[in-house]
Structures are given as C-alpha cells and as structure tokens.
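Heads up: the structure comes next, in structure tokens.
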Amino acid sequence: MRFATGRPASITRHVLLAVALLVLGGCMRPALLPPKAIALNREGAQALASGDLELAEARVALALEYNPRFTEAWVNLGLVEMRRDNLDRARRDFLKARELNPDLPAPHHALGLLSEREGHPDEGERRYRAALKVDPGFAPARINLARILFDRGDFDEAREQFMRLTQVAPEFSEGWTGLCESLFRLDRADEVDDVIARARRQLGRLPELDILEARGLLRSGAFAEAERRLEPLGSALDPKQACRAAAWLAIARLAGGNLGGAQAAAELATSLDPEDHVAAYATTAVRDARAHAVQ
C-alpha cells in the first residue's frame, strides 16, 4: 500500500530558525562591537522569535546606535519589518546589511526569505545558494534551499541538500526528517530506517522520528504496530506534531479496517491543524471509505 507524503512539518519554521541562528552565530568580528550591542541584538532576536515586535525593534535599534555597522542587527531589524509586512523597509535593511558585509551569509539568506515572501521562490533559491557560497555551514539557508527543491519535486537534489545538512548541522532535526521524506518520495524507503537510527543517536527520541518510523511500518503492511507506535503521540506538546501523528494514526486504522477509529483520529488531526495536508488526506480517505461502505 502506498501513502501520501509531504514536506516535513518542522521545515515550515524557517523564519524563526533564521533568527535563532543569527543569535547563536553572533558576529564575524565581535571584538569590533561593544558587548552591549551584541547583547541587545541577541535579546532583540529573542523578542522577535517570541512575537514581541515592539520590544524586538527597540532592542535591535539600540544595538545599531552602539554601532551602525552591526550587520546582523540590520538583518534582525529587517526581519522585524518583514513580520510587520513592511517589505520595502525590510529590503532596505537587508540590502544595507549586505552592503556592510557581503561575506556574511545572513544578509543573503534574509533576502531569500523576502523573495519567497513576495512569491519568487526561484529568486529565493538563488539567494540561499549565495548564502551557502559564503558559508556552507549556514543551516537556515541549507534548510530553505532543500525545502524549495522538495516543494518543486526535485527530490534527488533535495535529498542531497538534506544529507549535507545532517553533516554540517546534525543538531537540527530538519535535516534528518527532510532526508527521510526525500527517500520516501524517491521510493528508497529501505534506507529510511538507517537514517532514523543515526538521527536517534544524534538527537534522542523525537516525535517526528517516531512518526517517520511508524510510516515505514505502514508501508510494509504492519498496520497494527504502526497504530501502536502512533497512539501515544497524539498528545505531543507541539500541536503540529500531534496533528501529524493523529493523521497517520487515522491512515493506520483505516488500513487495518477500523473505520470508526480512523474517523476519530482524522477529526482530531483536523481540529489541531485544519491546513495540514496529511490531515486533509486522511479525512478524504475516511470519507471515501465510508461512502464505499454504504454502497
């Protein structure tokens, strides 16, 4: 039996991930920056990640008062403007950052985010590749490049980019889950178990890895075991992960002939995330199965 697959849920967090990496990355030449400026930029990025745009702007702007040539602060100020839908201001800030230091990956990556926001994924891809040319280890650009490739159906190159991500930034689950998704799409599911095992050694137990493992069981016809693995994950702290687990649980129950249980799981998945494509797939499959049973 074949089942629908799709973009790893974790990859949709690319903007916040970009902010997190900027916080961790600091500055290429920290000795030239006042410690207070570095601290304010970090605190501003944290405020942005939590959704407090006013506080983020205040902190980052103050960091720029300490040093107007603080490249990452200009990037973070642009991210604030982008969150406010002030795209022209965001572009101004990102271009200023690139002008100050084109040898940092963050400005190129930020311009890629803006290009995607404006509906130009091809331009975004070019910007992400520019960021990786500067620094092949810059994880946000690698994640977003791989996601664009995956979304357009270039699964083999997406697999290559996700695989590289597992090497340069193995602490990020996006590389491991994206690699598994790509292998599923390439009909190379026999390689997924090895990837999951390596990911577990690196990251420990994660719901997204448990879901991938259960999907492998589904593909092999072990519906009852897949259901057993998925049932506890419906209470995952992350609503998106819980949604994805419930959606695959619905598919497992449906494959095992439990139509009522499948409908309950599909309804739970839809309530957790009405826009999730696996939840939509499960709901449609349950509806079709019910219609067929009535006939």
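Residue numbers start at 1 in each chain; chains themselves are named A, B, ... in the order of the structure tokens; ligands are numbered from 1 in the order shown.
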
Mind checking which residues fall within 8 Å of stretch 184-186 of chain A, counting only C-alpha atoms, ignoring those fewer than 4 positions away in the same chain, and posting them as a ChimeraX atom specification? /A:5,155-156,180,192

Please dump the current selection as a short mmCIF file (atom, residue, chain, number, x, y, z; two decimals), in the first residue's frame; keep C-alpha atoms.
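result35.cif, freshly written:
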```cif
data_model
loop_
_atom_site.label_atom_id
_atom_site.label_comp_id
_atom_site.auth_asym_id
_atom_site.auth_seq_id
_atom_site.Cartn_x
_atom_site.Cartn_y
_atom_site.Cartn_z
CA THR A 5 3.89 12.01 1.98
CA PHE A 155 13.58 15.13 -4.65
CA ASP A 156 17.04 13.85 -5.54
CA CYS A 180 13.67 10.66 5.17
CA VAL A 192 14.92 5.32 6.00
#
```

I'd like the contact shell of A:Val168 - 12 Å cut-off, only C-alpha atoms, skipping same-chain residues fewer than 3 positions apart - returned as a PDB file with N, CA and C atoms, in the first residue's frame.
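Result file is selection.pdb:
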```pdb
ATOM      1  N   LEU A 132      25.067  30.100   0.995  1.00  0.00           N
ATOM      2  CA  LEU A 132      25.857  28.888   1.190  1.00  0.00           C
ATOM      3  C   LEU A 132      27.225  28.988   0.520  1.00  0.00           C
ATOM      4  N   ASP A 135      29.077  30.641   3.240  1.00  0.00           N
ATOM      5  CA  ASP A 135      29.276  29.754   4.389  1.00  0.00           C
ATOM      6  C   ASP A 135      28.450  28.485   4.196  1.00  0.00           C
ATOM      7  N   PRO A 136      29.066  27.397   3.728  1.00  0.00           N
ATOM      8  CA  PRO A 136      28.325  26.147   3.510  1.00  0.00           C
ATOM      9  C   PRO A 136      27.703  25.567   4.776  1.00  0.00           C
ATOM     10  N   GLY A 137      28.130  26.034   5.933  1.00  0.00           N
ATOM     11  CA  GLY A 137      27.588  25.526   7.183  1.00  0.00           C
ATOM     12  C   GLY A 137      26.422  26.315   7.733  1.00  0.00           C
ATOM     13  N   PHE A 138      25.934  27.310   6.973  1.00  0.00           N
ATOM     14  CA  PHE A 138      24.835  28.146   7.474  1.00  0.00           C
ATOM     15  C   PHE A 138      23.520  27.385   7.310  1.00  0.00           C
ATOM     16  N   ALA A 139      23.054  26.798   8.404  1.00  0.00           N
ATOM     17  CA  ALA A 139      21.939  25.851   8.360  1.00  0.00           C
ATOM     18  C   ALA A 139      20.626  26.427   7.826  1.00  0.00           C
ATOM     19  N   PRO A 140      20.208  27.653   8.198  1.00  0.00           N
ATOM     20  CA  PRO A 140      18.923  28.142   7.690  1.00  0.00           C
ATOM     21  C   PRO A 140      18.854  28.171   6.169  1.00  0.00           C
ATOM     22  N   ALA A 141      19.931  28.604   5.518  1.00  0.00           N
ATOM     23  CA  ALA A 141      19.930  28.647   4.053  1.00  0.00           C
ATOM     24  C   ALA A 141      19.873  27.243   3.473  1.00  0.00           C
ATOM     25  N   ARG A 142      20.569  26.300   4.084  1.00  0.00           N
ATOM     26  CA  ARG A 142      20.542  24.917   3.610  1.00  0.00           C
ATOM     27  C   ARG A 142      19.130  24.339   3.755  1.00  0.00           C
ATOM     28  N   ILE A 143      18.491  24.615   4.884  1.00  0.00           N
ATOM     29  CA  ILE A 143      17.130  24.113   5.114  1.00  0.00           C
ATOM     30  C   ILE A 143      16.169  24.676   4.067  1.00  0.00           C
ATOM     31  N   GLN A 161      20.769  17.917  -0.426  1.00  0.00           N
ATOM     32  CA  GLN A 161      20.897  19.071   0.461  1.00  0.00           C
ATOM     33  C   GLN A 161      20.567  18.710   1.912  1.00  0.00           C
ATOM     34  N   PHE A 162      19.531  17.903   2.104  1.00  0.00           N
ATOM     35  CA  PHE A 162      19.204  17.467   3.467  1.00  0.00           C
ATOM     36  C   PHE A 162      20.339  16.613   4.044  1.00  0.00           C
ATOM     37  N   MET A 163      20.927  15.768   3.217  1.00  0.00           N
ATOM     38  CA  MET A 163      22.031  14.931   3.681  1.00  0.00           C
ATOM     39  C   MET A 163      23.211  15.802   4.110  1.00  0.00           C
ATOM     40  N   ARG A 164      23.512  16.839   3.322  1.00  0.00           N
ATOM     41  CA  ARG A 164      24.592  17.749   3.702  1.00  0.00           C
ATOM     42  C   ARG A 164      24.261  18.448   5.020  1.00  0.00           C
ATOM     43  N   LEU A 165      22.996  18.785   5.200  1.00  0.00           N
ATOM     44  CA  LEU A 165      22.585  19.446   6.434  1.00  0.00           C
ATOM     45  C   LEU A 165      22.844  18.550   7.643  1.00  0.00           C
ATOM     46  N   GLU A 171      22.540  18.746  14.667  1.00  0.00           N
ATOM     47  CA  GLU A 171      21.661  19.010  15.802  1.00  0.00           C
ATOM     48  C   GLU A 171      20.269  19.461  15.384  1.00  0.00           C
ATOM     49  N   PHE A 172      20.070  19.760  14.094  1.00  0.00           N
ATOM     50  CA  PHE A 172      18.766  20.194  13.619  1.00  0.00           C
ATOM     51  C   PHE A 172      18.002  19.009  13.026  1.00  0.00           C
ATOM     52  N   GLY A 175      17.185  18.345   8.948  1.00  0.00           N
ATOM     53  CA  GLY A 175      17.995  17.597   8.002  1.00  0.00           C
ATOM     54  C   GLY A 175      17.612  16.132   7.966  1.00  0.00           C
ATOM     55  N   TRP A 176      17.430  15.532   9.126  1.00  0.00           N
ATOM     56  CA  TRP A 176      17.109  14.104   9.209  1.00  0.00           C
ATOM     57  C   TRP A 176      15.711  13.820   8.672  1.00  0.00           C
TER      58      TRP A 176
END
```

Show which residues sit within 7 Å of stretch 59-75 of chain A, as a list in words. Count only C-alpha atoms, and ignore same-chain residues fewer than 2 positions away.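 My reading of the contact set: Leu22, Cys27, Leu33, Pro34, Ala37, Leu40, Asn41, Glu43, Gly44, Leu55, Ala56, Glu57, Leu77, Gly78, Leu79, Asp93, Phe94, Ala97, Leu100, Asn101, Pro107 and Ala110 of chain A.
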
Saved selection, atoms kept: N, CA and C atoms, as an mmCIF file, in the first residue's frame:
```cif
data_model
loop_
_atom_site.group_PDB
_atom_site.id
_atom_site.type_symbol
_atom_site.label_atom_id
_atom_site.label_comp_id
_atom_site.auth_asym_id
_atom_site.auth_seq_id
_atom_site.Cartn_x
_atom_site.Cartn_y
_atom_site.Cartn_z
ATOM 1 N N LEU A 22 20.971 33.468 13.855
ATOM 2 C CA LEU A 22 21.638 34.760 13.968
ATOM 3 C C LEU A 22 22.036 35.030 15.410
ATOM 4 N N CYS A 27 28.687 37.610 15.633
ATOM 5 C CA CYS A 27 29.227 38.478 14.588
ATOM 6 C C CYS A 27 30.568 37.951 14.116
ATOM 7 N N LEU A 33 32.785 45.126 18.122
ATOM 8 C CA LEU A 33 31.463 45.528 18.566
ATOM 9 C C LEU A 33 31.421 45.654 20.084
ATOM 10 N N PRO A 34 30.754 46.693 20.592
ATOM 11 C CA PRO A 34 30.585 46.791 22.042
ATOM 12 C C PRO A 34 29.792 45.590 22.556
ATOM 13 N N ALA A 37 26.074 46.033 22.538
ATOM 14 C CA ALA A 37 25.400 45.929 21.245
ATOM 15 C C ALA A 37 25.095 44.474 20.916
ATOM 16 N N LEU A 40 22.216 43.336 23.123
ATOM 17 C CA LEU A 40 20.933 43.896 22.694
ATOM 18 C C LEU A 40 20.418 43.219 21.422
ATOM 19 N N ASN A 41 21.309 42.946 20.491
ATOM 20 C CA ASN A 41 20.896 42.256 19.271
ATOM 21 C C ASN A 41 20.375 40.861 19.589
ATOM 22 N N GLU A 43 19.076 39.846 22.436
ATOM 23 C CA GLU A 43 17.791 39.978 23.134
ATOM 24 C C GLU A 43 16.685 40.406 22.168
ATOM 25 N N GLY A 44 17.046 41.236 21.182
ATOM 26 C CA GLY A 44 16.061 41.629 20.181
ATOM 27 C C GLY A 44 15.614 40.455 19.333
ATOM 28 N N LEU A 55 9.283 45.264 21.247
ATOM 29 C CA LEU A 55 10.486 45.090 22.048
ATOM 30 C C LEU A 55 11.669 44.711 21.157
ATOM 31 N N ALA A 56 11.419 43.879 20.158
ATOM 32 C CA ALA A 56 12.491 43.482 19.242
ATOM 33 C C ALA A 56 13.060 44.703 18.530
ATOM 34 N N GLU A 57 12.180 45.552 18.013
ATOM 35 C CA GLU A 57 12.650 46.745 17.305
ATOM 36 C C GLU A 57 13.452 47.647 18.239
ATOM 37 N N LEU A 77 16.620 43.773 12.209
ATOM 38 C CA LEU A 77 15.669 44.877 12.040
ATOM 39 C C LEU A 77 14.808 44.629 10.796
ATOM 40 N N GLY A 78 15.415 44.131 9.735
ATOM 41 C CA GLY A 78 14.653 43.803 8.540
ATOM 42 C C GLY A 78 13.658 42.689 8.783
ATOM 43 N N LEU A 79 14.024 41.709 9.607
ATOM 44 C CA LEU A 79 13.089 40.636 9.929
ATOM 45 C C LEU A 79 11.885 41.157 10.705
ATOM 46 N N ASP A 93 16.712 47.291 4.784
ATOM 47 C CA ASP A 93 17.581 46.851 5.872
ATOM 48 C C ASP A 93 18.464 45.685 5.441
ATOM 49 N N PHE A 94 17.902 44.734 4.697
ATOM 50 C CA PHE A 94 18.687 43.586 4.246
ATOM 51 C C PHE A 94 19.790 44.017 3.275
ATOM 52 N N ALA A 97 22.553 45.565 5.163
ATOM 53 C CA ALA A 97 23.391 44.549 5.795
ATOM 54 C C ALA A 97 24.339 43.919 4.782
ATOM 55 N N LEU A 100 27.161 46.270 3.971
ATOM 56 C CA LEU A 100 28.147 46.362 5.042
ATOM 57 C C LEU A 100 29.093 45.169 5.037
ATOM 58 N N ASN A 101 28.545 43.984 4.783
ATOM 59 C CA ASN A 101 29.402 42.791 4.807
ATOM 60 C C ASN A 101 28.803 41.689 3.930
ATOM 61 N N PRO A 107 22.780 38.199 5.473
ATOM 62 C CA PRO A 107 22.048 39.111 4.579
ATOM 63 C C PRO A 107 21.530 38.423 3.315
ATOM 64 N N ALA A 110 18.523 36.401 4.343
ATOM 65 C CA ALA A 110 17.365 37.256 4.620
ATOM 66 C C ALA A 110 16.710 37.726 3.326
#
```

What does the distance between atom CA of A:Arg215 and atom CA of A:Val278 come to in Å, to one decimal place?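 Rounded to one decimal, the two atoms are 12.0 Å apart.
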
Mind giving me the straight-line distance from atom CA of A:Ala199 to atom CA of A:Thr166 in Å, one decimal?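 One can read the atom CA of A:Ala199 to atom CA of A:Thr166 distance as 8.6 Å.
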
Please report, as a VMD selection string, each residue of stretch 59-278 of chain A to which DSSP assigns helix (DSSP H, G or I) when run on this structure's backbone. chain A and resid 59 to 66 71 to 83 87 to 100 105 to 117 121 to 134 139 to 151 155 to 168 173 to 185 189 to 203 207 to 219 223 to 235 239 to 255 259 to 272 277 to 278

I'd like the neighbourhood of A:Arg228 as a PyMOL selection string, where a residue qualifies if any of its atoms comes within 12 Å (using only C-alpha atoms), though same-chain residues fewer than 5 positions away should be ignored. chain A and resi 210-211+213-215+217-218+222-223+233-234+245-246+248-250+252-253+256

Print the selection's residues with N, CA and C atoms to a file, as a PDB file, in the first residue's frame.
```pdb
ATOM      1  N   ASP A 210       9.613   9.276  15.575  1.00  0.00           N
ATOM      2  CA  ASP A 210       8.664   8.190  15.839  1.00  0.00           C
ATOM      3  C   ASP A 210       7.622   8.098  14.728  1.00  0.00           C
ATOM      4  N   ILE A 211       7.167   9.259  14.246  1.00  0.00           N
ATOM      5  CA  ILE A 211       6.173   9.271  13.167  1.00  0.00           C
ATOM      6  C   ILE A 211       6.760   8.681  11.893  1.00  0.00           C
ATOM      7  N   GLU A 213       9.149   6.539  11.686  1.00  0.00           N
ATOM      8  CA  GLU A 213       9.315   5.107  11.883  1.00  0.00           C
ATOM      9  C   GLU A 213       7.985   4.383  11.680  1.00  0.00           C
ATOM     10  N   ALA A 214       6.910   4.978  12.207  1.00  0.00           N
ATOM     11  CA  ALA A 214       5.577   4.381  12.039  1.00  0.00           C
ATOM     12  C   ALA A 214       5.164   4.362  10.569  1.00  0.00           C
ATOM     13  N   ARG A 215       5.542   5.382   9.832  1.00  0.00           N
ATOM     14  CA  ARG A 215       5.218   5.405   8.405  1.00  0.00           C
ATOM     15  C   ARG A 215       5.929   4.288   7.655  1.00  0.00           C
ATOM     16  N   LEU A 217       6.551   1.398   8.945  1.00  0.00           N
ATOM     17  CA  LEU A 217       5.761   0.215   9.263  1.00  0.00           C
ATOM     18  C   LEU A 217       4.496   0.151   8.409  1.00  0.00           C
ATOM     19  N   LEU A 218       3.873   1.298   8.195  1.00  0.00           N
ATOM     20  CA  LEU A 218       2.683   1.337   7.341  1.00  0.00           C
ATOM     21  C   LEU A 218       3.002   0.855   5.935  1.00  0.00           C
ATOM     22  N   ALA A 222       2.600  -3.372   8.276  1.00  0.00           N
ATOM     23  CA  ALA A 222       2.479  -3.650   9.709  1.00  0.00           C
ATOM     24  C   ALA A 222       1.560  -2.605  10.350  1.00  0.00           C
ATOM     25  N   PHE A 223       0.267  -2.665   9.984  1.00  0.00           N
ATOM     26  CA  PHE A 223      -0.675  -1.612  10.389  1.00  0.00           C
ATOM     27  C   PHE A 223      -0.880  -1.560  11.899  1.00  0.00           C
ATOM     28  N   LEU A 233       1.449   9.458  20.523  1.00  0.00           N
ATOM     29  CA  LEU A 233       1.983  10.720  20.010  1.00  0.00           C
ATOM     30  C   LEU A 233       0.903  11.770  19.805  1.00  0.00           C
ATOM     31  N   GLY A 234      -0.350  11.392  19.899  1.00  0.00           N
ATOM     32  CA  GLY A 234      -1.429  12.360  19.725  1.00  0.00           C
ATOM     33  C   GLY A 234      -1.458  13.417  20.810  1.00  0.00           C
ATOM     34  N   ALA A 245       0.753  13.134  13.840  1.00  0.00           N
ATOM     35  CA  ALA A 245       0.642  11.787  14.410  1.00  0.00           C
ATOM     36  C   ALA A 245      -0.797  11.278  14.315  1.00  0.00           C
ATOM     37  N   ALA A 246      -1.758  12.142  14.625  1.00  0.00           N
ATOM     38  CA  ALA A 246      -3.165  11.734  14.553  1.00  0.00           C
ATOM     39  C   ALA A 246      -3.582  11.422  13.124  1.00  0.00           C
ATOM     40  N   TRP A 248      -1.654  10.287  10.635  1.00  0.00           N
ATOM     41  CA  TRP A 248      -1.113   8.987  10.240  1.00  0.00           C
ATOM     42  C   TRP A 248      -1.765   7.854  11.026  1.00  0.00           C
ATOM     43  N   LEU A 249      -2.190   8.139  12.252  1.00  0.00           N
ATOM     44  CA  LEU A 249      -2.936   7.146  13.022  1.00  0.00           C
ATOM     45  C   LEU A 249      -4.254   6.819  12.326  1.00  0.00           C
ATOM     46  N   ALA A 250      -4.915   7.848  11.804  1.00  0.00           N
ATOM     47  CA  ALA A 250      -6.158   7.624  11.063  1.00  0.00           C
ATOM     48  C   ALA A 250      -5.922   6.708   9.867  1.00  0.00           C
ATOM     49  N   ALA A 252      -3.455   4.538   9.529  1.00  0.00           N
ATOM     50  CA  ALA A 252      -3.144   3.191  10.013  1.00  0.00           C
ATOM     51  C   ALA A 252      -4.410   2.439  10.393  1.00  0.00           C
ATOM     52  N   ARG A 253      -5.308   3.113  11.091  1.00  0.00           N
ATOM     53  CA  ARG A 253      -6.567   2.464  11.493  1.00  0.00           C
ATOM     54  C   ARG A 253      -7.423   2.131  10.274  1.00  0.00           C
ATOM     55  N   GLY A 256      -6.155  -0.852   8.674  1.00  0.00           N
ATOM     56  CA  GLY A 256      -6.450  -2.038   9.479  1.00  0.00           C
ATOM     57  C   GLY A 256      -7.914  -2.367   9.572  1.00  0.00           C
TER      58      GLY A 256
END
```

What gap, in Å, lies between atom CA of A:Asp103 and atom CA of A:Ala130? 9.9 Å
